[in-house]
Amino acid sequence: MIQIIPSIVINDGKVIRLQQGDFSKEIVYDQTPIDLAKSFEDHGIEVVHLVDLDGAKRGQPKNYHILEAIAGYTNLKVDFTGGIHTDGDISKAYEYGASYITAASIATTRKELFASWIVSYGREKITLGADALDGKIAIRGWQKQTDLDIFEHIDYFYSRGLKYVKTTDISRDGVMEGPAFDLYQQIIDKFQDICVLASGGVRDVADIERLNDMGVFAVIFGKAFYEGRIKLKELEKFIVKVS
């Protein structure tokens with residue numbers, strides 16, 4: 001069963017959503033990160049994707065206090081991302097309550113270091129963020145485009161033990177046109193035992209059902225929930241309770 005992972009994106013201390021990474025199209029939501037996290041937990045969700053957008057832009061995590069609050073006031077496991085570039089950043093993330101970290105920029109600028117993290121911290125704890133526009137990796141909160149082919153990028157770390165990859169087709173993020181089903185299928189076919197976390201473009205529960213049928217490991221979503229197109233009650237059927 002596909003894992004359900006809502007995202008909480010933090011910019012300037014507020015919960016926000018962007019469209020295709022464009023800060024001029026930022027939408028600020030009224031909910032606090034803690035209230036959102038508690039509502040997710042109340043519906044049986046176990047993992048939340050916390051995006052420190054401030055950290056992603058400046059190249060160093062900034063919102064550890066929000067991570068600490070979510071980890072302290074809920075039993076959610078937090079996948080923390082945004083600006084992680086050093087072992088110290090990872091250590092602090094775990095210290096403040098992260099269960100997992102996702103890193104993207106460092107995997108393009110210091111490949112050997114990121115590859116070493118897969119070994120030193122364990123492949124269950126490290127996720128590669130491989131977000132792309134037109135098949136090319138984008139980093140620094142999607143503000144910087146690279147010439148790296150997404151499949152070559154994933155393959156480098158796959159051959160070094162990578163288990164989890166979070167992928168967003170940036171062109172689909174926040175525009176409610178559906179996930180990049182073809183891209184996810186290609187990744188699944190090429191890297192057959194990798195766990196794909198699909199992110200971006202989710203419109204409704206039907207999209208999640210299709211991703212589940214494809215064998216996608218997890219879905220990360222935001223806008224569809226924040227705008228009422230997905231209700232938390234609808235997601236309970238995907239959540240397997242372990243007695």
# chains A, B, ... in the order shown; residues from 1 in each chain; ligands from 1

call {"tool": "residues_around", "arguments": {"residues": "A:Lys62", "least_positions_apart": "4", "cutoff": "10 Å", "atoms": "only C-alpha atoms", "output": "mmCIF file with C-alpha atoms, in the first residue's frame"}}
result
data_model
loop_
_atom_site.group_PDB
_atom_site.id
_atom_site.type_symbol
_atom_site.label_atom_id
_atom_site.label_comp_id
_atom_site.auth_asym_id
_atom_site.auth_seq_id
_atom_site.Cartn_x
_atom_site.Cartn_y
_atom_site.Cartn_z
ATOM 1 C CA ILE A 10 7.871 26.704 5.562
ATOM 2 C CA ASN A 11 8.955 30.099 4.246
ATOM 3 C CA ASP A 12 9.512 33.073 6.556
ATOM 4 C CA GLY A 13 7.957 31.047 9.363
ATOM 5 C CA ASP A 52 12.564 24.235 5.150
ATOM 6 C CA LEU A 53 12.373 26.541 2.132
ATOM 7 C CA ASP A 54 14.307 29.244 3.957
ATOM 8 C CA GLY A 55 17.086 26.712 4.432
ATOM 9 C CA ALA A 56 16.965 25.564 0.832
ATOM 10 C CA LYS A 57 17.413 29.124 -0.409
ATOM 11 C CA ARG A 58 20.315 29.975 1.878
ATOM 12 C CA ILE A 66 9.546 23.930 13.742
ATOM 13 C CA LEU A 67 10.987 20.440 13.268
ATOM 14 C CA GLY A 82 15.970 22.094 2.958
ATOM 15 C CA GLY A 83 19.570 23.280 2.948
ATOM 16 C CA ILE A 84 21.220 20.141 4.315
#

call {"tool": "residues_around", "arguments": {"residues": "A:Lys136", "least_positions_apart": "2", "cutoff": "12 Å", "atoms": "only C-alpha atoms", "output": "ChimeraX atom specification"}}
result
/A:108,130-134,138-139,142,144-154,167-171

call {"tool": "residues_around", "arguments": {"residues": "A:Ala224", "least_positions_apart": "5", "cutoff": "12 Å", "atoms": "only C-alpha atoms", "output": "PyMOL selection string"}}
result
chain A and resi 6-7+17+173-179+199-208+229-232

call {"tool": "select_by_dssp", "arguments": {"residues": "stretch 25-115 of chain A", "states": "alpha helix (DSSP H)", "output": "PyMOL selection string"}}
result
chain A and resi 33-42+53-58+64-73+87-95+105-109+111-115

call {"tool": "closest_residue", "arguments": {"among": "A:Glu26, A:Ile8, A:Phe114, A:Tyr184", "to": "A:Val78", "atoms": "only C-alpha atoms"}}
result
A:Ile8

call {"tool": "residues_around", "arguments": {"residues": "A:Ser39", "least_positions_apart": "3", "cutoff": "12 Å", "atoms": "only C-alpha atoms", "output": "JSON, numbers by chain"}}
result
{"A": [6, 31, 32, 33, 34, 35, 36, 42, 43, 44, 45, 46, 48, 70, 73, 74, 75, 76, 225, 231, 232, 233]}

call {"tool": "residues_around", "arguments": {"residues": "A:His65", "least_positions_apart": "3", "cutoff": "8 Å", "atoms": "only C-alpha atoms", "output": "ChimeraX atom specification"}}
result
/A:68-69,96

call {"tool": "atom_distance", "arguments": {"atom1": "atom CA of A:Arg110", "atom2": "atom CA of A:Ile16"}}
result
29.2 Å

call {"tool": "closest_residue", "arguments": {"among": "A:Ala103, A:Val47, A:Ala115, A:Ile90", "to": "A:Gln3", "atoms": "only C-alpha atoms"}}
result
A:Val47

call {"tool": "residues_around", "arguments": {"residues": "stretch 120-129 of chain A", "least_positions_apart": "5", "cutoff": "9 Å", "atoms": "only C-alpha atoms", "output": "PDB file with all heavy atoms, in the first residue's frame"}}
result
ATOM      1  N   ASP A  79      10.205  13.687   7.832  1.00  0.00           N
ATOM      2  CA  ASP A  79      11.214  13.687   6.782  1.00  0.00           C
ATOM      3  C   ASP A  79      11.573  15.154   6.546  1.00  0.00           C
ATOM      4  O   ASP A  79      10.765  15.918   6.010  1.00  0.00           O
ATOM      5  CB  ASP A  79      10.647  13.043   5.515  1.00  0.00           C
ATOM      6  CG  ASP A  79      11.609  13.118   4.340  1.00  0.00           C
ATOM      7  OD1 ASP A  79      12.823  13.263   4.571  1.00  0.00           O
ATOM      8  OD2 ASP A  79      11.150  13.045   3.182  1.00  0.00           O
ATOM      9  N   THR A  81      13.787  18.344   5.079  1.00  0.00           N
ATOM     10  CA  THR A  81      14.580  18.712   3.914  1.00  0.00           C
ATOM     11  C   THR A  81      14.693  20.226   3.809  1.00  0.00           C
ATOM     12  O   THR A  81      13.827  20.952   4.280  1.00  0.00           O
ATOM     13  CB  THR A  81      13.947  18.131   2.623  1.00  0.00           C
ATOM     14  OG1 THR A  81      14.820  18.376   1.514  1.00  0.00           O
ATOM     15  CG2 THR A  81      12.589  18.753   2.332  1.00  0.00           C
ATOM     16  N   SER A  99      13.235  11.960  11.607  1.00  0.00           N
ATOM     17  CA  SER A  99      13.421  10.519  11.459  1.00  0.00           C
ATOM     18  C   SER A  99      14.212  10.201  10.196  1.00  0.00           C
ATOM     19  O   SER A  99      14.925   9.202  10.134  1.00  0.00           O
ATOM     20  CB  SER A  99      12.060   9.812  11.399  1.00  0.00           C
ATOM     21  OG  SER A  99      11.360   9.950  12.610  1.00  0.00           O
ATOM     22  N   TYR A 100      14.037  11.059   9.197  1.00  0.00           N
ATOM     23  CA  TYR A 100      14.733  10.896   7.920  1.00  0.00           C
ATOM     24  C   TYR A 100      15.123  12.285   7.417  1.00  0.00           C
ATOM     25  O   TYR A 100      14.543  13.288   7.834  1.00  0.00           O
ATOM     26  CB  TYR A 100      13.832  10.257   6.853  1.00  0.00           C
ATOM     27  CG  TYR A 100      12.879   9.219   7.362  1.00  0.00           C
ATOM     28  CD1 TYR A 100      11.537   9.519   7.586  1.00  0.00           C
ATOM     29  CD2 TYR A 100      13.304   7.913   7.603  1.00  0.00           C
ATOM     30  CE1 TYR A 100      10.649   8.560   8.054  1.00  0.00           C
ATOM     31  CE2 TYR A 100      12.430   6.949   8.066  1.00  0.00           C
ATOM     32  CZ  TYR A 100      11.102   7.279   8.292  1.00  0.00           C
ATOM     33  OH  TYR A 100      10.236   6.329   8.756  1.00  0.00           O
ATOM     34  N   ILE A 101      16.083  12.311   6.497  1.00  0.00           N
ATOM     35  CA  ILE A 101      16.368  13.569   5.814  1.00  0.00           C
ATOM     36  C   ILE A 101      16.354  13.326   4.308  1.00  0.00           C
ATOM     37  O   ILE A 101      16.672  12.236   3.836  1.00  0.00           O
ATOM     38  CB  ILE A 101      17.707  14.205   6.248  1.00  0.00           C
ATOM     39  CG1 ILE A 101      18.916  13.365   5.822  1.00  0.00           C
ATOM     40  CG2 ILE A 101      17.727  14.443   7.753  1.00  0.00           C
ATOM     41  CD1 ILE A 101      19.614  13.866   4.587  1.00  0.00           C
ATOM     42  N   THR A 102      15.954  14.366   3.593  1.00  0.00           N
ATOM     43  CA  THR A 102      16.027  14.363   2.137  1.00  0.00           C
ATOM     44  C   THR A 102      16.957  15.497   1.729  1.00  0.00           C
ATOM     45  O   THR A 102      16.815  16.621   2.213  1.00  0.00           O
ATOM     46  CB  THR A 102      14.641  14.573   1.503  1.00  0.00           C
ATOM     47  OG1 THR A 102      13.798  13.469   1.853  1.00  0.00           O
ATOM     48  CG2 THR A 102      14.733  14.664  -0.015  1.00  0.00           C
ATOM     49  N   ALA A 103      17.909  15.196   0.868  1.00  0.00           N
ATOM     50  CA  ALA A 103      18.859  16.216   0.414  1.00  0.00           C
ATOM     51  C   ALA A 103      18.934  16.192  -1.104  1.00  0.00           C
ATOM     52  O   ALA A 103      18.858  15.128  -1.722  1.00  0.00           O
ATOM     53  CB  ALA A 103      20.236  15.980   1.026  1.00  0.00           C
ATOM     54  N   ALA A 104      19.099  17.370  -1.673  1.00  0.00           N
ATOM     55  CA  ALA A 104      19.095  17.487  -3.129  1.00  0.00           C
ATOM     56  C   ALA A 104      20.328  18.215  -3.643  1.00  0.00           C
ATOM     57  O   ALA A 104      21.117  17.672  -4.426  1.00  0.00           O
ATOM     58  CB  ALA A 104      17.826  18.194  -3.595  1.00  0.00           C
ATOM     59  N   SER A 105      20.511  19.463  -3.220  1.00  0.00           N
ATOM     60  CA  SER A 105      21.598  20.287  -3.763  1.00  0.00           C
ATOM     61  C   SER A 105      22.960  19.650  -3.545  1.00  0.00           C
ATOM     62  O   SER A 105      23.792  19.609  -4.454  1.00  0.00           O
ATOM     63  CB  SER A 105      21.559  21.686  -3.146  1.00  0.00           C
ATOM     64  OG  SER A 105      20.346  22.345  -3.441  1.00  0.00           O
ATOM     65  N   ALA A 107      23.776  16.669  -3.310  1.00  0.00           N
ATOM     66  CA  ALA A 107      23.977  15.485  -4.144  1.00  0.00           C
ATOM     67  C   ALA A 107      24.451  15.848  -5.551  1.00  0.00           C
ATOM     68  O   ALA A 107      24.941  14.985  -6.286  1.00  0.00           O
ATOM     69  CB  ALA A 107      22.689  14.664  -4.226  1.00  0.00           C
ATOM     70  N   PHE A 114      27.424  12.892  -0.445  1.00  0.00           N
ATOM     71  CA  PHE A 114      26.069  12.358  -0.296  1.00  0.00           C
ATOM     72  C   PHE A 114      26.095  10.834  -0.347  1.00  0.00           C
ATOM     73  O   PHE A 114      25.394  10.168   0.428  1.00  0.00           O
ATOM     74  CB  PHE A 114      25.147  12.911  -1.379  1.00  0.00           C
ATOM     75  CG  PHE A 114      23.724  12.430  -1.247  1.00  0.00           C
ATOM     76  CD1 PHE A 114      22.849  13.042  -0.369  1.00  0.00           C
ATOM     77  CD2 PHE A 114      23.276  11.335  -1.976  1.00  0.00           C
ATOM     78  CE1 PHE A 114      21.545  12.583  -0.210  1.00  0.00           C
ATOM     79  CE2 PHE A 114      21.975  10.865  -1.829  1.00  0.00           C
ATOM     80  CZ  PHE A 114      21.111  11.502  -0.943  1.00  0.00           C
ATOM     81  N   ILE A 139      18.007  22.656  -8.295  1.00  0.00           N
ATOM     82  CA  ILE A 139      18.390  22.653  -6.877  1.00  0.00           C
ATOM     83  C   ILE A 139      18.149  24.025  -6.249  1.00  0.00           C
ATOM     84  O   ILE A 139      17.634  24.932  -6.894  1.00  0.00           O
ATOM     85  CB  ILE A 139      19.873  22.241  -6.705  1.00  0.00           C
ATOM     86  CG1 ILE A 139      20.783  23.204  -7.477  1.00  0.00           C
ATOM     87  CG2 ILE A 139      20.085  20.805  -7.153  1.00  0.00           C
ATOM     88  CD1 ILE A 139      22.283  22.961  -7.254  1.00  0.00           C
ATOM     89  N   ILE A 154      20.152   9.784 -10.721  1.00  0.00           N
ATOM     90  CA  ILE A 154      19.656   8.720  -9.835  1.00  0.00           C
ATOM     91  C   ILE A 154      20.563   7.499  -9.915  1.00  0.00           C
ATOM     92  O   ILE A 154      20.891   6.875  -8.897  1.00  0.00           O
ATOM     93  CB  ILE A 154      18.206   8.345 -10.193  1.00  0.00           C
ATOM     94  CG1 ILE A 154      17.258   9.531  -9.905  1.00  0.00           C
ATOM     95  CG2 ILE A 154      17.754   7.102  -9.422  1.00  0.00           C
ATOM     96  CD1 ILE A 154      15.849   9.321 -10.416  1.00  0.00           C
ATOM     97  N   PHE A 157      23.747   7.218  -7.667  1.00  0.00           N
ATOM     98  CA  PHE A 157      23.550   6.866  -6.261  1.00  0.00           C
ATOM     99  C   PHE A 157      22.896   5.491  -6.104  1.00  0.00           C
ATOM    100  O   PHE A 157      23.144   4.798  -5.118  1.00  0.00           O
ATOM    101  CB  PHE A 157      22.722   7.951  -5.566  1.00  0.00           C
ATOM    102  CG  PHE A 157      23.402   9.287  -5.569  1.00  0.00           C
ATOM    103  CD1 PHE A 157      22.954  10.307  -6.394  1.00  0.00           C
ATOM    104  CD2 PHE A 157      24.517   9.514  -4.780  1.00  0.00           C
ATOM    105  CE1 PHE A 157      23.596  11.531  -6.412  1.00  0.00           C
ATOM    106  CE2 PHE A 157      25.170  10.736  -4.793  1.00  0.00           C
ATOM    107  CZ  PHE A 157      24.719  11.748  -5.616  1.00  0.00           C
ATOM    108  N   GLY A 161      23.980   2.160  -3.497  1.00  0.00           N
ATOM    109  CA  GLY A 161      23.130   1.695  -2.403  1.00  0.00           C
ATOM    110  C   GLY A 161      21.884   2.495  -2.111  1.00  0.00           C
ATOM    111  O   GLY A 161      21.159   2.205  -1.152  1.00  0.00           O
ATOM    112  N   LEU A 162      21.596   3.513  -2.925  1.00  0.00           N
ATOM    113  CA  LEU A 162      20.415   4.335  -2.675  1.00  0.00           C
ATOM    114  C   LEU A 162      19.139   3.497  -2.693  1.00  0.00           C
ATOM    115  O   LEU A 162      18.937   2.681  -3.590  1.00  0.00           O
ATOM    116  CB  LEU A 162      20.304   5.428  -3.750  1.00  0.00           C
ATOM    117  CG  LEU A 162      19.113   6.384  -3.610  1.00  0.00           C
ATOM    118  CD1 LEU A 162      19.327   7.329  -2.440  1.00  0.00           C
ATOM    119  CD2 LEU A 162      18.905   7.177  -4.912  1.00  0.00           C
ATOM    120  N   LYS A 163      18.267   3.737  -1.714  1.00  0.00           N
ATOM    121  CA  LYS A 163      16.981   3.040  -1.656  1.00  0.00           C
ATOM    122  C   LYS A 163      15.801   3.961  -1.948  1.00  0.00           C
ATOM    123  O   LYS A 163      14.836   3.558  -2.591  1.00  0.00           O
ATOM    124  CB  LYS A 163      16.793   2.392  -0.276  1.00  0.00           C
ATOM    125  CG  LYS A 163      15.488   1.619  -0.155  1.00  0.00           C
ATOM    126  CD  LYS A 163      15.390   0.885   1.179  1.00  0.00           C
ATOM    127  CE  LYS A 163      14.089   0.096   1.274  1.00  0.00           C
ATOM    128  NZ  LYS A 163      13.976  -0.629   2.553  1.00  0.00           N
ATOM    129  N   TYR A 164      15.869   5.227  -1.491  1.00  0.00           N
ATOM    130  CA  TYR A 164      14.731   6.142  -1.604  1.00  0.00           C
ATOM    131  C   TYR A 164      15.078   7.340  -2.482  1.00  0.00           C
ATOM    132  O   TYR A 164      16.116   7.975  -2.304  1.00  0.00           O
ATOM    133  CB  TYR A 164      14.315   6.656  -0.224  1.00  0.00           C
ATOM    134  CG  TYR A 164      13.839   5.571   0.714  1.00  0.00           C
ATOM    135  CD1 TYR A 164      14.674   5.110   1.733  1.00  0.00           C
ATOM    136  CD2 TYR A 164      12.574   5.005   0.586  1.00  0.00           C
ATOM    137  CE1 TYR A 164      14.253   4.117   2.605  1.00  0.00           C
ATOM    138  CE2 TYR A 164      12.146   4.012   1.452  1.00  0.00           C
ATOM    139  CZ  TYR A 164      12.986   3.574   2.454  1.00  0.00           C
ATOM    140  OH  TYR A 164      12.574   2.584   3.305  1.00  0.00           O
ATOM    141  N   VAL A 165      14.175   7.667  -3.411  1.00  0.00           N
ATOM    142  CA  VAL A 165      14.333   8.866  -4.227  1.00  0.00           C
ATOM    143  C   VAL A 165      13.004   9.608  -4.270  1.00  0.00           C
ATOM    144  O   VAL A 165      11.955   9.021  -4.548  1.00  0.00           O
ATOM    145  CB  VAL A 165      14.828   8.540  -5.655  1.00  0.00           C
ATOM    146  CG1 VAL A 165      13.896   7.591  -6.392  1.00  0.00           C
ATOM    147  CG2 VAL A 165      15.039   9.825  -6.461  1.00  0.00           C
ATOM    148  N   LYS A 166      13.059  10.893  -3.942  1.00  0.00           N
ATOM    149  CA  LYS A 166      11.878  11.756  -4.017  1.00  0.00           C
ATOM    150  C   LYS A 166      12.003  12.592  -5.282  1.00  0.00           C
ATOM    151  O   LYS A 166      12.980  13.302  -5.480  1.00  0.00           O
ATOM    152  CB  LYS A 166      11.815  12.658  -2.776  1.00  0.00           C
ATOM    153  CG  LYS A 166      10.489  13.415  -2.607  1.00  0.00           C
ATOM    154  CD  LYS A 166      10.391  14.697  -3.385  1.00  0.00           C
ATOM    155  CE  LYS A 166      11.333  15.761  -2.847  1.00  0.00           C
ATOM    156  NZ  LYS A 166      11.122  17.080  -3.566  1.00  0.00           N
ATOM    157  N   THR A 167      10.994  12.491  -6.141  1.00  0.00           N
ATOM    158  CA  THR A 167      11.071  13.164  -7.430  1.00  0.00           C
ATOM    159  C   THR A 167       9.841  14.020  -7.691  1.00  0.00           C
ATOM    160  O   THR A 167       8.705  13.566  -7.534  1.00  0.00           O
ATOM    161  CB  THR A 167      11.206  12.139  -8.579  1.00  0.00           C
ATOM    162  OG1 THR A 167      12.374  11.351  -8.360  1.00  0.00           O
ATOM    163  CG2 THR A 167      11.320  12.822  -9.919  1.00  0.00           C
ATOM    164  N   THR A 168      10.093  15.248  -8.097  1.00  0.00           N
ATOM    165  CA  THR A 168       9.046  16.165  -8.521  1.00  0.00           C
ATOM    166  C   THR A 168       9.329  16.606  -9.949  1.00  0.00           C
ATOM    167  O   THR A 168      10.446  17.019 -10.259  1.00  0.00           O
ATOM    168  CB  THR A 168       9.010  17.428  -7.635  1.00  0.00           C
ATOM    169  OG1 THR A 168       8.869  17.055  -6.268  1.00  0.00           O
ATOM    170  CG2 THR A 168       7.857  18.346  -8.036  1.00  0.00           C
TER     171      THR A 168
END

call {"tool": "residues_around", "arguments": {"residues": "A:Met214", "least_positions_apart": "6", "cutoff": "9 Å", "atoms": "only C-alpha atoms", "output": "ChimeraX atom specification"}}
result
/A:181,184-185,188

call {"tool": "select_by_dssp", "arguments": {"residues": "stretch 14-233 of chain A", "states": "strand (DSSP E or B)", "output": "PDB file with C-alpha atoms, in the first residue's frame"}}
result
ATOM      1  CA  LYS A  14       4.664  30.560   7.511  1.00  0.00           C
ATOM      2  CA  VAL A  15       3.062  27.554   5.841  1.00  0.00           C
ATOM      3  CA  ILE A  16       3.094  28.272   2.122  1.00  0.00           C
ATOM      4  CA  ARG A  17       2.749  26.697  -1.317  1.00  0.00           C
ATOM      5  CA  LEU A  18       4.473  27.711  -4.512  1.00  0.00           C
ATOM      6  CA  GLN A  19       3.546  27.051  -8.116  1.00  0.00           C
ATOM      7  CA  ASP A  22       7.845  30.490  -8.460  1.00  0.00           C
ATOM      8  CA  PHE A  23       8.019  32.718  -5.370  1.00  0.00           C
ATOM      9  CA  SER A  24       5.902  35.358  -7.103  1.00  0.00           C
ATOM     10  CA  LYS A  25       3.051  32.835  -6.919  1.00  0.00           C
ATOM     11  CA  GLU A  26       3.434  32.090  -3.230  1.00  0.00           C
ATOM     12  CA  ILE A  27       0.241  31.275  -1.343  1.00  0.00           C
ATOM     13  CA  VAL A  28       0.292  31.651   2.442  1.00  0.00           C
ATOM     14  CA  VAL A  47       4.993  10.594   8.238  1.00  0.00           C
ATOM     15  CA  VAL A  48       5.117  14.262   7.262  1.00  0.00           C
ATOM     16  CA  HIS A  49       7.469  15.909   4.758  1.00  0.00           C
ATOM     17  CA  LEU A  50       8.762  19.150   6.285  1.00  0.00           C
ATOM     18  CA  VAL A  51      10.331  21.508   3.745  1.00  0.00           C
ATOM     19  CA  ASP A  52      12.564  24.235   5.150  1.00  0.00           C
ATOM     20  CA  LYS A  77       7.959  10.734  11.822  1.00  0.00           C
ATOM     21  CA  VAL A  78       9.386  13.784  10.092  1.00  0.00           C
ATOM     22  CA  ASP A  79      11.214  13.687   6.782  1.00  0.00           C
ATOM     23  CA  PHE A  80      13.168  16.939   6.951  1.00  0.00           C
ATOM     24  CA  THR A  81      14.580  18.712   3.914  1.00  0.00           C
ATOM     25  CA  TYR A 100      14.733  10.896   7.920  1.00  0.00           C
ATOM     26  CA  ILE A 101      16.368  13.569   5.814  1.00  0.00           C
ATOM     27  CA  THR A 102      16.027  14.363   2.137  1.00  0.00           C
ATOM     28  CA  ALA A 103      18.859  16.216   0.414  1.00  0.00           C
ATOM     29  CA  ILE A 126      18.606   9.134   3.598  1.00  0.00           C
ATOM     30  CA  THR A 127      16.468  10.120   0.617  1.00  0.00           C
ATOM     31  CA  LEU A 128      17.780  11.633  -2.603  1.00  0.00           C
ATOM     32  CA  GLY A 129      15.818  14.669  -3.720  1.00  0.00           C
ATOM     33  CA  ALA A 132      13.660  18.140 -12.382  1.00  0.00           C
ATOM     34  CA  LEU A 133      12.431  20.475 -15.087  1.00  0.00           C
ATOM     35  CA  LYS A 136      17.257  18.247 -15.824  1.00  0.00           C
ATOM     36  CA  ILE A 137      17.867  18.448 -12.079  1.00  0.00           C
ATOM     37  CA  ALA A 138      17.030  21.737 -10.321  1.00  0.00           C
ATOM     38  CA  ILE A 139      18.390  22.653  -6.877  1.00  0.00           C
ATOM     39  CA  LYS A 144      18.997  26.927  -9.878  1.00  0.00           C
ATOM     40  CA  GLN A 145      18.814  24.724 -12.976  1.00  0.00           C
ATOM     41  CA  THR A 146      21.593  22.224 -13.742  1.00  0.00           C
ATOM     42  CA  ASP A 147      22.535  20.198 -16.813  1.00  0.00           C
ATOM     43  CA  LEU A 148      22.290  16.908 -14.919  1.00  0.00           C
ATOM     44  CA  ASP A 149      20.034  14.295 -16.505  1.00  0.00           C
ATOM     45  CA  TYR A 164      14.731   6.142  -1.604  1.00  0.00           C
ATOM     46  CA  VAL A 165      14.333   8.866  -4.227  1.00  0.00           C
ATOM     47  CA  LYS A 166      11.878  11.756  -4.017  1.00  0.00           C
ATOM     48  CA  THR A 167      11.071  13.164  -7.430  1.00  0.00           C
ATOM     49  CA  THR A 168       9.046  16.165  -8.521  1.00  0.00           C
ATOM     50  CA  ASP A 169       8.402  17.168 -12.109  1.00  0.00           C
ATOM     51  CA  CYS A 195      11.425   3.259  -3.570  1.00  0.00           C
ATOM     52  CA  VAL A 196       9.919   6.234  -5.397  1.00  0.00           C
ATOM     53  CA  LEU A 197       8.352   9.069  -3.445  1.00  0.00           C
ATOM     54  CA  ALA A 198       6.148  10.850  -5.984  1.00  0.00           C
ATOM     55  CA  SER A 199       5.639  14.562  -5.458  1.00  0.00           C
ATOM     56  CA  ALA A 218       4.872   6.950  -1.335  1.00  0.00           C
ATOM     57  CA  VAL A 219       3.042  10.080  -2.411  1.00  0.00           C
ATOM     58  CA  ILE A 220       3.884  13.543  -1.114  1.00  0.00           C
ATOM     59  CA  PHE A 221       1.139  16.104  -1.623  1.00  0.00           C
TER      60      PHE A 221
END

call {"tool": "atom_distance", "arguments": {"atom1": "atom CA of A:His85", "atom2": "atom CA of A:Val9"}}
result
18.8 Å

call {"tool": "closest_residue", "arguments": {"among": "A:Gln186, A:Lys38, A:Met1, A:Ala180", "to": "A:Asn212", "atoms": "only C-alpha atoms"}}
result
A:Met1
